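What follows is the content of coords.txt (compact mmCIF, C-alpha atoms).
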# COMPACT_ATOMS: atom_id res chain seq x y z
CA THR Q 4 -3.17 19.36 -3.09
CA LEU Q 5 0.57 18.98 -2.59
CA VAL Q 6 2.10 15.58 -3.42
CA LEU Q 7 5.38 15.16 -1.56
CA GLY Q 8 7.64 12.93 -3.63
CA GLY Q 9 5.30 13.76 -6.48
CA TYR Q 10 7.72 12.75 -9.23
CA GLY Q 11 8.28 9.24 -7.81
CA ASN Q 12 6.83 5.91 -8.93
CA PHE Q 13 3.52 6.34 -7.09
CA GLY Q 14 3.54 10.10 -6.57
CA ALA Q 15 3.58 10.86 -10.31
CA ARG Q 16 0.55 8.62 -10.86
CA ILE Q 17 -1.37 10.43 -8.13
CA VAL Q 18 -0.35 13.81 -9.55
CA ARG Q 19 -1.59 12.92 -13.03
CA ALA Q 20 -4.90 11.59 -11.74
CA LEU Q 21 -5.67 14.59 -9.53
CA ALA Q 22 -4.52 17.13 -12.11
CA ALA Q 23 -7.28 15.82 -14.34
CA ASP Q 24 -9.85 17.08 -11.80
CA ASP Q 25 -10.87 20.69 -12.32
CA ALA Q 26 -11.52 21.03 -8.58
CA GLN Q 27 -7.84 20.71 -7.65
CA THR Q 28 -4.55 22.39 -8.32
CA VAL Q 29 -1.76 19.88 -7.77
CA VAL Q 30 1.69 20.82 -6.51
CA VAL Q 31 4.51 18.43 -7.42
CA ALA Q 32 6.87 18.72 -4.46
CA GLY Q 33 10.19 17.20 -3.45
CA ARG Q 34 13.88 17.90 -2.96
CA ASP Q 35 14.70 17.56 -6.68
CA ALA Q 36 13.50 20.83 -8.22
CA GLN Q 37 14.36 19.76 -11.76
CA ARG Q 38 12.27 16.57 -11.60
CA ALA Q 39 9.37 18.41 -9.98
CA GLN Q 40 9.37 21.11 -12.64
CA ALA Q 41 9.64 18.59 -15.46
CA LEU Q 42 6.57 16.63 -14.29
CA ALA Q 43 4.53 19.77 -13.63
CA ALA Q 44 5.28 21.01 -17.15
CA GLN Q 45 4.34 17.63 -18.58
CA VAL Q 46 1.05 17.48 -16.68
CA GLY Q 47 -0.11 20.95 -17.70
CA PRO Q 48 -1.69 24.07 -16.21
CA GLN Q 49 -3.36 22.23 -13.31
CA ALA Q 50 0.08 21.38 -11.88
CA GLU Q 51 2.75 23.47 -10.21
CA ALA Q 52 6.22 22.62 -8.87
CA LEU Q 53 7.70 23.35 -5.46
CA THR Q 54 11.08 22.47 -3.97
CA LEU Q 55 10.34 21.04 -0.55
CA ASP Q 56 12.19 18.82 1.91
CA GLY Q 57 9.91 16.77 4.15
CA ALA Q 58 12.60 16.72 6.84
CA HIS Q 59 12.98 20.51 7.01
CA PRO Q 60 12.30 21.85 10.53
CA ALA Q 61 10.24 24.74 9.10
CA LEU Q 62 7.98 22.46 7.04
CA ALA Q 63 4.79 23.60 8.79
CA ALA Q 64 5.52 27.25 8.00
CA GLN Q 65 6.33 26.36 4.40
CA LEU Q 66 3.00 24.57 4.02
CA ARG Q 67 1.16 27.58 5.44
CA ASP Q 68 3.02 29.93 3.11
CA ALA Q 69 2.14 27.73 0.12
CA ARG Q 70 -1.54 27.70 1.23
CA VAL Q 71 -1.73 23.92 1.01
CA ASP Q 72 -5.09 22.33 1.84
CA LEU Q 73 -4.05 18.66 1.54
CA LEU Q 74 -0.66 16.97 1.55
CA ILE Q 75 -0.25 13.47 0.13
CA HIS Q 76 3.02 12.00 1.39
CA THR Q 77 4.49 9.51 -1.11
CA ALA Q 78 8.18 9.88 -0.22
CA GLY Q 79 8.75 6.41 1.25
CA PRO Q 80 9.84 3.95 2.38
CA PHE Q 81 7.73 4.44 5.50
CA GLN Q 82 9.22 1.54 7.45
CA ALA Q 83 12.17 3.76 8.43
CA GLN Q 84 10.26 7.03 8.96
CA GLY Q 85 8.73 8.88 11.84
CA TYR Q 86 5.70 11.18 11.73
CA ALA Q 87 7.45 14.52 11.15
CA VAL Q 88 5.60 15.28 7.91
CA ALA Q 89 2.19 14.45 9.38
CA GLN Q 90 2.95 16.47 12.53
CA ALA Q 91 3.88 19.47 10.38
CA CYS Q 92 0.55 19.12 8.57
CA ALA Q 93 -1.34 19.15 11.87
CA GLN Q 94 0.57 22.25 12.96
CA ALA Q 95 -0.16 23.96 9.64
CA GLY Q 96 -3.84 22.99 9.58
CA VAL Q 97 -3.41 20.81 6.48
CA HIS Q 98 -5.22 17.53 5.69
CA TYR Q 99 -2.86 14.57 5.31
CA ILE Q 100 -2.92 11.26 3.37
CA ASP Q 101 -0.21 8.68 2.80
CA PRO Q 102 -0.11 5.34 0.94
CA ALA Q 103 2.18 3.76 3.56
CA ASP Q 104 2.29 0.01 3.99
CA GLY Q 105 4.78 -0.11 6.88
CA ARG Q 106 3.08 -2.03 9.67
CA ARG Q 107 4.18 0.02 12.65
CA PHE Q 108 3.93 3.31 10.75
CA VAL Q 109 0.27 2.69 9.83
CA CYS Q 110 -0.92 0.83 12.93
CA ASP Q 111 0.53 3.37 15.39
CA PHE Q 112 -0.55 6.38 13.33
CA PRO Q 113 -3.94 7.12 14.98
CA ALA Q 114 -2.65 7.00 18.56
CA ALA Q 115 0.33 9.21 17.72
CA LEU Q 116 -1.50 11.89 15.73
CA HIS Q 117 -5.22 11.89 16.45
CA ASP Q 118 -5.17 14.64 19.08
CA GLY Q 119 -3.09 16.99 16.93
CA PHE Q 120 -5.34 16.69 13.90
CA ALA Q 121 -8.48 16.86 16.02
CA ARG Q 122 -7.31 20.17 17.50
CA ALA Q 123 -6.56 21.44 14.00
CA GLY Q 124 -9.97 20.33 12.72
CA ARG Q 125 -8.32 18.35 9.92
CA SER Q 126 -8.31 14.75 8.74
CA ALA Q 127 -5.30 12.46 8.44
CA VAL Q 128 -5.23 8.98 6.90
CA SER Q 129 -2.37 6.48 6.77
CA GLY Q 130 -2.40 3.32 4.66
CA ALA Q 131 -4.40 4.78 1.76
CA SER Q 132 -3.15 2.09 -0.59
CA THR Q 133 -3.82 -1.50 -1.64
CA VAL Q 134 -3.42 -2.39 2.03
CA PRO Q 135 -5.36 -1.78 4.13
CA ALA Q 136 -7.71 0.52 2.15
CA LEU Q 137 -8.60 -1.74 -0.79
CA SER Q 138 -8.08 -5.02 1.05
CA SER Q 139 -10.49 -4.05 3.85
CA ALA Q 140 -13.04 -2.83 1.29
CA VAL Q 141 -12.89 -6.22 -0.45
CA VAL Q 142 -13.23 -8.20 2.79
CA ALA Q 143 -16.19 -6.05 3.86
CA ALA Q 144 -17.94 -6.64 0.52
CA LEU Q 145 -17.31 -10.39 0.53
CA SER Q 146 -18.47 -10.92 4.11
CA ALA Q 147 -21.37 -8.43 4.22
CA GLY Q 148 -24.08 -9.77 6.53
CA TRP Q 149 -22.08 -12.78 7.68
CA ARG Q 150 -22.46 -13.93 11.27
CA ALA Q 151 -18.75 -14.61 11.72
CA LEU Q 152 -15.47 -14.31 9.83
CA HIS Q 153 -12.97 -17.13 10.39
CA THR Q 154 -10.15 -16.59 7.88
CA ILE Q 155 -8.79 -13.92 5.55
CA ASP Q 156 -6.11 -14.81 3.01
CA ILE Q 157 -4.71 -12.09 0.73
CA CYS Q 158 -2.02 -12.30 -1.91
CA ILE Q 159 -0.64 -9.58 -4.19
CA ALA Q 160 1.05 -10.71 -7.39
CA PRO Q 161 2.94 -7.92 -9.21
CA ALA Q 162 3.73 -8.15 -12.90
CA GLN Q 163 7.39 -8.81 -13.54
CA SER Q 164 7.75 -5.91 -15.96
CA ALA Q 165 5.74 -3.36 -13.95
CA PRO Q 166 7.68 -0.20 -12.97
CA ARG Q 167 9.22 -0.52 -9.53
CA GLY Q 168 10.82 1.98 -7.19
CA VAL Q 169 13.90 1.68 -4.98
CA ALA Q 170 11.92 2.90 -1.95
CA THR Q 171 9.27 0.22 -2.44
CA MET Q 172 11.92 -2.48 -2.77
CA ALA Q 173 13.72 -1.23 0.34
CA GLY Q 174 10.47 -1.39 2.29
CA VAL Q 175 9.84 -4.95 1.15
CA LEU Q 176 13.38 -6.07 1.98
CA SER Q 177 13.27 -4.50 5.45
CA TYR Q 178 11.32 -7.47 6.86
CA CYS Q 179 12.88 -10.18 4.68
CA GLY Q 180 13.95 -12.86 7.16
CA ALA Q 181 12.57 -10.93 10.14
CA PRO Q 182 10.13 -12.41 12.70
CA ILE Q 183 6.54 -11.33 12.06
CA GLN Q 184 3.56 -11.61 14.38
CA VAL Q 185 0.65 -13.31 12.60
CA TRP Q 186 -2.91 -14.09 13.80
CA GLN Q 187 -3.07 -17.89 13.38
CA GLN Q 188 -5.37 -20.41 15.07
CA GLY Q 189 -6.95 -17.61 17.03
CA ARG Q 190 -3.73 -16.43 18.66
CA TRP Q 191 -0.59 -14.46 17.81
CA GLN Q 192 2.23 -16.57 16.44
CA THR Q 193 5.65 -15.79 15.00
CA GLN Q 194 6.55 -16.52 11.39
CA ILE Q 195 9.43 -15.39 9.16
CA GLY Q 196 9.03 -12.79 6.41
CA TRP Q 197 9.54 -13.99 2.82
CA ALA Q 198 10.39 -17.52 3.96
CA ALA Q 199 8.57 -20.76 3.05
CA PRO Q 200 6.67 -19.72 -0.12
CA ALA Q 201 3.29 -21.46 -0.57
CA PRO Q 202 1.36 -22.13 -3.82
CA ILE Q 203 -1.32 -19.54 -4.69
CA ASP Q 204 -3.98 -19.79 -7.40
CA PHE Q 205 -5.48 -16.87 -9.30
CA ALA Q 206 -8.53 -16.47 -11.51
CA ARG Q 207 -6.73 -15.11 -14.59
CA MET Q 208 -3.05 -15.78 -13.95
CA ARG Q 209 -0.85 -18.81 -13.70
CA PRO Q 210 -0.30 -20.15 -10.18
CA ARG Q 211 2.61 -18.66 -8.27
CA ARG Q 212 4.34 -19.14 -4.94
CA GLY Q 213 3.62 -16.49 -2.34
CA ALA Q 214 5.51 -15.64 0.85
CA LEU Q 215 4.57 -13.81 4.05
CA CYS Q 216 4.90 -10.02 4.08
CA ASP Q 217 4.73 -7.75 7.14
CA ILE Q 218 1.94 -5.31 6.36
CA PRO Q 219 -0.69 -3.46 8.45
CA ASP Q 220 -3.50 -5.88 7.56
CA LEU Q 221 -1.95 -8.60 9.70
CA GLU Q 222 -2.61 -6.45 12.76
CA LEU Q 223 -5.60 -4.31 11.72
CA LEU Q 224 -7.94 -6.84 10.10
CA PRO Q 225 -8.22 -9.35 12.99
CA ALA Q 226 -9.58 -6.63 15.26
CA HIS Q 227 -11.59 -4.72 12.64
CA PHE Q 228 -13.47 -7.79 11.42
CA GLY Q 229 -13.34 -9.92 14.56
CA VAL Q 230 -11.51 -12.73 12.76
CA THR Q 231 -11.59 -15.91 14.83
CA ASP Q 232 -8.86 -17.99 13.18
CA ARG Q 233 -6.39 -16.56 10.64
CA VAL Q 234 -5.27 -13.49 8.71
CA MET Q 235 -2.52 -14.11 6.18
CA PHE Q 236 -0.92 -11.81 3.62
CA ARG Q 237 1.51 -13.00 0.97
CA ALA Q 238 3.24 -11.56 -2.07
CA ALA Q 239 3.83 -13.76 -5.12
CA LEU Q 240 6.57 -12.72 -7.53
CA GLU Q 241 6.08 -13.85 -11.12
CA VAL Q 242 9.57 -15.20 -11.82
CA PRO Q 243 10.29 -18.24 -9.60
CA LEU Q 244 13.97 -17.28 -9.41
CA SER Q 245 13.04 -13.96 -7.79
CA GLN Q 246 10.84 -15.67 -5.19
CA THR Q 247 13.65 -18.13 -4.45
CA THR Q 248 16.13 -15.26 -4.13
CA PHE Q 249 13.97 -13.54 -1.52
CA ALA Q 250 13.60 -16.81 0.38
CA GLY Q 251 17.40 -17.16 0.28
CA LEU Q 252 17.86 -13.65 1.65
CA ALA Q 253 15.38 -14.48 4.42
CA TRP Q 254 17.42 -17.60 5.29
CA ALA Q 255 20.64 -15.58 5.31
CA ARG Q 256 19.19 -13.01 7.69
CA GLN Q 257 17.80 -15.70 10.01
CA HIS Q 258 21.26 -17.22 10.29
CA GLY Q 259 23.03 -13.90 10.90
CA TRP Q 260 24.74 -13.64 7.52
CA LEU Q 261 22.75 -10.61 6.37
CA ARG Q 262 21.78 -7.99 8.91
CA ARG Q 263 20.02 -5.41 6.73
CA PRO Q 264 18.65 -6.80 3.46
CA GLU Q 265 17.15 -3.39 2.60
CA ARG Q 266 20.65 -2.16 1.79
CA LEU Q 267 20.51 -4.42 -1.26
CA ALA Q 268 17.53 -2.49 -2.68
CA PRO Q 269 19.54 -0.33 -5.15
CA LEU Q 270 21.38 -3.38 -6.49
CA LEU Q 271 18.26 -5.53 -6.83
CA HIS Q 272 16.36 -2.62 -8.39
CA LYS Q 273 19.09 -2.26 -10.99
CA THR Q 274 19.36 -5.97 -11.82
CA ALA Q 275 15.64 -6.89 -11.66
CA PRO Q 276 14.96 -5.89 -15.31
CA LEU Q 277 17.42 -8.58 -16.43
CA THR Q 278 14.72 -11.19 -15.69
CA ASP Q 279 11.79 -9.25 -17.20
CA TRP Q 280 11.90 -11.46 -20.29
CA LEU Q 281 10.90 -14.39 -18.06
CA GLY Q 282 7.70 -12.68 -16.96
CA THR Q 283 4.75 -10.70 -18.30
CA ALA Q 284 2.93 -7.40 -17.88
CA LEU Q 285 0.06 -9.13 -16.01
CA GLY Q 286 -0.32 -8.76 -12.26
CA GLY Q 287 -3.15 -9.00 -9.79
CA MET Q 288 -4.47 -9.76 -6.34
CA VAL Q 289 -6.69 -12.36 -4.70
CA VAL Q 290 -8.66 -12.14 -1.44
CA LYS Q 291 -10.29 -15.24 0.09
CA VAL Q 292 -12.51 -15.35 3.17
CA THR Q 293 -14.32 -18.06 5.11
CA GLY Q 294 -16.80 -17.85 7.94
CA VAL Q 295 -20.45 -18.26 8.87
CA GLY Q 296 -22.89 -16.85 6.34
CA THR Q 297 -26.14 -14.98 6.81
CA ASP Q 298 -28.05 -18.28 7.07
CA GLY Q 299 -25.77 -19.73 9.73
CA ALA Q 300 -24.10 -22.18 7.32
CA PRO Q 301 -20.36 -22.32 6.52
CA ALA Q 302 -19.51 -19.74 3.86
CA SER Q 303 -16.59 -18.90 1.63
CA ALA Q 304 -15.97 -16.22 -0.97
CA ARG Q 305 -13.13 -14.87 -3.09
CA TRP Q 306 -12.33 -11.80 -5.18
CA ASP Q 307 -9.66 -11.49 -7.85
CA ILE Q 308 -8.35 -8.59 -9.88
CA ALA Q 309 -6.10 -8.83 -12.94
CA ALA Q 310 -4.19 -5.79 -14.19
CA ASP Q 311 -2.52 -6.11 -17.59
CA ASP Q 312 -0.20 -3.82 -19.57
CA ASP Q 313 1.86 -3.03 -16.47
CA HIS Q 314 -1.01 -1.06 -14.95
CA GLY Q 315 -0.72 -2.85 -11.59
CA PRO Q 316 1.12 0.04 -9.86
CA GLU Q 317 -1.99 2.18 -10.38
CA ILE Q 318 -3.80 0.09 -7.75
CA PRO Q 319 -1.74 1.27 -4.74
CA CYS Q 320 -2.50 4.88 -5.77
CA MET Q 321 -6.28 4.57 -6.03
CA ALA Q 322 -7.24 4.96 -2.37
CA ALA Q 323 -5.25 8.18 -1.97
CA ILE Q 324 -6.83 9.54 -5.16
CA LEU Q 325 -10.35 8.63 -4.03
CA LEU Q 326 -9.87 10.12 -0.56
CA ALA Q 327 -8.36 13.31 -2.02
CA ARG Q 328 -11.38 13.72 -4.26
CA ARG Q 329 -13.67 13.20 -1.29
CA LEU Q 330 -11.88 15.91 0.66
CA ALA Q 331 -12.15 18.26 -2.31
CA ARG Q 332 -15.93 17.67 -2.29
CA GLY Q 333 -16.12 18.28 1.44
CA ASP Q 334 -17.08 14.71 2.42
CA GLY Q 335 -13.72 13.38 3.55
CA PRO Q 336 -12.92 11.20 6.57
CA PRO Q 337 -13.80 12.41 10.07
CA VAL Q 338 -11.57 14.92 11.81
CA GLY Q 339 -8.59 13.29 13.50
CA ALA Q 340 -6.07 10.60 12.52
CA HIS Q 341 -7.08 7.22 11.15
CA THR Q 342 -5.84 4.21 9.28
CA ALA Q 343 -7.53 3.67 5.92
CA THR Q 344 -9.20 0.48 7.15
CA GLY Q 345 -12.89 0.59 6.23
CA LEU Q 346 -12.85 4.17 4.92
CA LEU Q 347 -13.72 3.24 1.32
CA ARG Q 348 -16.23 0.85 -0.22
CA LEU Q 349 -15.30 -1.60 -2.96
CA ASP Q 350 -17.75 -0.02 -5.40
CA GLU Q 351 -15.87 3.30 -5.11
CA PHE Q 352 -12.84 1.61 -6.69
CA GLN Q 353 -14.75 0.22 -9.67
CA PRO Q 354 -14.48 3.32 -11.91
CA GLU Q 355 -10.72 3.34 -11.33
CA PHE Q 356 -10.46 -0.35 -12.22
CA ALA Q 357 -12.43 0.30 -15.42
CA ARG Q 358 -10.26 3.31 -16.28
CA TRP Q 359 -7.21 1.04 -16.49
CA GLY Q 360 -8.92 -1.95 -18.09
CA MET Q 361 -8.63 -4.09 -14.97
CA VAL Q 362 -10.87 -7.15 -14.68
CA THR Q 363 -12.38 -8.41 -11.41
CA ASP Q 364 -13.89 -11.81 -10.59
CA ARG Q 365 -15.99 -12.72 -7.59
CA ALA Q 366 -16.95 -16.21 -6.50
Would you put the structure from the file into structure tokens?
Amino acid sequence: TLVLGGYGNFGARIVRALAADDAQTVVVAGRDAQRAQALAAQVGPQAEALTLDGAHPALAAQLRDARVDLLIHTAGPFQAQGYAVAQACAQAGVHYIDPADGRRFVCDFPAALHDGFARAGRSAVSGASTVPALSSAVVAALSAGWRALHTIDICIAPAQSAPRGVATMAGVLSYCGAPIQVWQQGRWQTQIGWAAPAPIDFARMRPRRGALCDIPDLELLPAHFGVTDRVMFRAALEVPLSQTTFAGLAWARQHGWLRRPERLAPLLHKTAPLTDWLGTALGGMVVKVTGVGTDGAPASARWDIAADDDHGPEIPCMAAILLARRLARGDGPPVGAHTATGLLRLDEFQPEFARWGMVTDRA
């Protein structure tokens, strides 16, 4: 298994998890040879290092030469990328997984790449992350057997002090203040990213304000679950000042004062730790659904997870880890290209939650 960007915020977590499995040799790959070698040495004999540029025109040949079986692409942000890495994997006969959360990148992935991976007899999955892999697993568990699903409301609440990457921040800022298509009142409507924060309650955390984010779930879940009314996804930052700052950036972009908020990612990444003392190491997620239950009566359900000790960033890595282990056992996703929607069950995540001391609540 080769992890491209394997020394990054999420890539290193995936490397460490897979290197603990005797069934896999993990290759830490990226353009920075020194960082790749340092992590491989730290992880131990199950890890190797390889200098590799995902944009290199001979990537497919390099993957064949390295005898790679599976590539996990963690070198985001994906909002500004094309499918060159995945196409090289199809050409090289290599399985592919990414934890992308860019809406167009994930939603358009199957149509763009299915034929190539089908011809190669390999599997490719995009969105193997909190969204839509875990989120769809939660919704499926909450609404199992229901006659209809009316609303889905999801909110992610990161811990203030949790490690953060520049690429992740750039991806988040890319739709700050941008128009977003949202399934509301049974039709597509336009709302503004990161504007108009709304109050959100959590089972084991203080209430926060959450704002709209442009993620694949907004487009994938209405169709996958036949949602009749609403699908909403928000992110709730712990420090109110940070949430207000993002709302301000959204306002500035709407009014033409800020064309590309993502260019501020390095600056905000550098200054964000200055407010860590105002927050905690506790983050989490809540999923709420309403609809018509198995008995024909109105039904509602919710699921919460709380991740303490800054372990929240492990959650976006879990789906890629679980799917990689499946492929190693020979029971991976079907041949072809897919989004991660519905590929994993909620109970498959439970051992990973327990490994990091995460607590879930269901009501």
- Query: Which residues come within 12 Å of Ala323 in chain Q, counting all atoms listed in the file, excluding same-chain residues fewer than 2 positions away, as an NGL selection string?
  - Reply: :Q and (4 or 6 or 13-14 or 16-18 or 20-21 or 73-77 or 99-103 or 127-137 or 317-321 or 325-330 or 335-336 or 342-343 or 346-347 or 352 or 355)
- Message: Give me the residues near range 282-292 of chain Q as a PyMOL selection string, where near means some atom within 6 Å (using all atoms listed in the file) and where sequence neighbours in that chain fewer than 3 positions away do not count.
- Response: chain Q and resi 154-164+279+303-313+315
- Name the residues, using the chain letters and numbers of the file, that sit within 12 Å of (-3.5, 13.7, 16.7) when counting only C-alpha atoms, and give them as a ChimeraX atom specification. /Q:86,89-94,96,98-99,111-128,338-341
- Please identify all polymer residues within 7 Å of range 169-174 of chain Q, counting all atoms listed in the file, omitting same-chain residues fewer than 4 positions from it, and present them as an MDAnalysis selection string. chainID Q and resid 79:80 82 265 268:269 272
Show me a table, sorted first by chain and then by increasing residue number, of the residues of range 140-215 of chain Q having an atom at most 8 Å from range 255-262 of chain Q, each with its shortest atom pair and the distance in Å to one decimal, counting all atoms listed in the file and written as JSON lines.
{"residue": "Q:Cys179", "atom": "CA", "partner": "Q:Arg256", "partner_atom": "CA", "distance": 7.5}
{"residue": "Q:Gly180", "atom": "CA", "partner": "Q:Arg256", "partner_atom": "CA", "distance": 5.3}
{"residue": "Q:Ala181", "atom": "CA", "partner": "Q:Gln257", "partner_atom": "CA", "distance": 7.1}
- So what do you get for CA of Arg332 in chain Q versus CA of Ala44 in chain Q, distance-wise?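 Distance reported for this atom pair: 26.1 Å.
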- Query: From the list Q:Pro354, Q:Gly251, Q:Pro337, Q:Pro182, which residue is nearest Leu215 in chain Q when using all atoms listed in the file?
  - Reply: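 Using all atoms listed in the file, Leu215 in chain Q sits closest to Q:Pro182.
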- Which one is closest to Trp254 in chain Q: Q:Met235, Q:Phe108, Q:Ala198, Q:Ile218? Count all atoms listed in the file.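 Nearest candidate to Trp254 in chain Q out of Q:Met235, Q:Phe108, Q:Ala198, Q:Ile218: Q:Ala198.
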- What does the distance between CA of Leu176 in chain Q and CA of Leu267 in chain Q come to in Å, to one decimal place?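 Distance between the two atoms: 8.0 Å.
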- Message: Report, in Å with one decimal, the straight-line distance from CA of Ala58 in chain Q to CA of Val88 in chain Q.
- Response: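 Straight-line distance from CA of Ala58 in chain Q to CA of Val88 in chain Q works out to 7.2 Å.
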- Find the residues near Arg38 in chain Q: any atom within 10 Å, counting all atoms listed in the file, skip ones fewer than 4 places away on the same chain, and give them as a ChimeraX atom specification. /Q:8-11,31-34,42-44,52,54
- Query: Contacts of Ala143 in chain Q at 9 Å or less, counting all atoms listed in the file, minus same-chain residues fewer than 6 places along, as number ranges by chain?
  - Reply: Q: 228, 345, 348-349
- Note on the structure: The residue from Q:Val109, Q:Met361, Q:Ala69, Q:Ala64 with the smallest atom-to-atom distance to Gln84 in chain Q, counting all atoms listed in the file, is Q:Val109
- Message: Nearest residue to Pro276 in chain Q out of Q:Pro166, Q:Pro219, Q:Gly296, Q:Pro243, using all atoms listed in the file?
- Response: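 Of the candidates, the smallest distance to Pro276 in chain Q is held by Q:Pro166.
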- Message: Nearest residue to Leu66 in chain Q out of Q:Ala214, Q:Ala22, Q:Ala36, Q:Leu5, using all atoms listed in the file?
- Response: Q:Leu5
- Compute the distance from (-9.6, -22.8, 16.7) to each atom, counting only C-alpha atoms, keep the residues with any atom at most 7 Å away, and return them as a ChimeraX atom specification; use the coordinates of the file. /Q:188-189,232
- Task: Counting only C-alpha atoms, figure out which residue out of Q:Gln37, Q:Gln192, Q:Gln45, Q:Thr344 gets nearest to Ala226 in chain Q.
- Result: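 Result for the nearest residue to Ala226 in chain Q: Q:Thr344.
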Given 3 Å on each side, where is the centre and what are the edge lengths in Å to one decimal of the axis-aligned box enclosing the listed atoms of range 75-91 of chain Q, as AutoDock Vina command-line options?
--center_x 6.0 --center_y 10.5 --center_z 5.7 --size_x 18.4 --size_y 23.9 --size_z 19.6
Please reconstruct the missing atoms of range 280-286 of chain Q (target: all heavy atoms) and return them as a short mmCIF file (atom, residue, chain, number, x, y, z; two decimals), keeping the file's coordinate frame.
data_model
loop_
_atom_site.label_atom_id
_atom_site.label_comp_id
_atom_site.auth_asym_id
_atom_site.auth_seq_id
_atom_site.Cartn_x
_atom_site.Cartn_y
_atom_site.Cartn_z
N TRP Q 280 12.27 -10.64 -19.15
CA TRP Q 280 11.90 -11.46 -20.29
C TRP Q 280 11.29 -12.80 -19.85
O TRP Q 280 10.61 -13.46 -20.64
CB TRP Q 280 13.13 -11.72 -21.17
CG TRP Q 280 14.20 -12.54 -20.50
CD1 TRP Q 280 15.16 -12.11 -19.65
CD2 TRP Q 280 14.40 -13.95 -20.64
NE1 TRP Q 280 15.96 -13.14 -19.23
CE2 TRP Q 280 15.51 -14.28 -19.83
CE3 TRP Q 280 13.76 -14.96 -21.36
CZ2 TRP Q 280 15.99 -15.59 -19.72
CZ3 TRP Q 280 14.23 -16.25 -21.26
CH2 TRP Q 280 15.33 -16.57 -20.45
N LEU Q 281 11.47 -13.16 -18.58
CA LEU Q 281 10.90 -14.39 -18.06
C LEU Q 281 9.46 -14.21 -17.57
O LEU Q 281 8.78 -15.19 -17.27
CB LEU Q 281 11.75 -14.93 -16.90
CG LEU Q 281 13.18 -15.35 -17.26
CD1 LEU Q 281 13.97 -15.64 -15.99
CD2 LEU Q 281 13.15 -16.58 -18.17
N GLY Q 282 9.03 -12.95 -17.48
CA GLY Q 282 7.70 -12.68 -16.96
C GLY Q 282 6.81 -11.97 -17.97
O GLY Q 282 7.07 -11.98 -19.17
N THR Q 283 5.75 -11.35 -17.45
CA THR Q 283 4.75 -10.70 -18.30
C THR Q 283 4.40 -9.33 -17.72
O THR Q 283 4.96 -8.90 -16.72
CB THR Q 283 3.47 -11.55 -18.38
OG1 THR Q 283 2.82 -11.56 -17.08
CG2 THR Q 283 3.78 -12.99 -18.81
N ALA Q 284 3.44 -8.68 -18.35
CA ALA Q 284 2.93 -7.40 -17.88
C ALA Q 284 1.63 -7.57 -17.09
O ALA Q 284 0.91 -6.61 -16.84
CB ALA Q 284 2.68 -6.47 -19.06
N LEU Q 285 1.32 -8.82 -16.69
CA LEU Q 285 0.06 -9.13 -16.01
C LEU Q 285 0.30 -9.36 -14.52
O LEU Q 285 1.10 -10.21 -14.14
CB LEU Q 285 -0.58 -10.38 -16.63
CG LEU Q 285 -1.89 -10.86 -16.01
CD1 LEU Q 285 -2.99 -9.82 -16.18
CD2 LEU Q 285 -2.32 -12.20 -16.63
N GLY Q 286 -0.39 -8.59 -13.71
CA GLY Q 286 -0.32 -8.76 -12.26
C GLY Q 286 -1.72 -8.77 -11.68
O GLY Q 286 -2.71 -8.58 -12.40
#
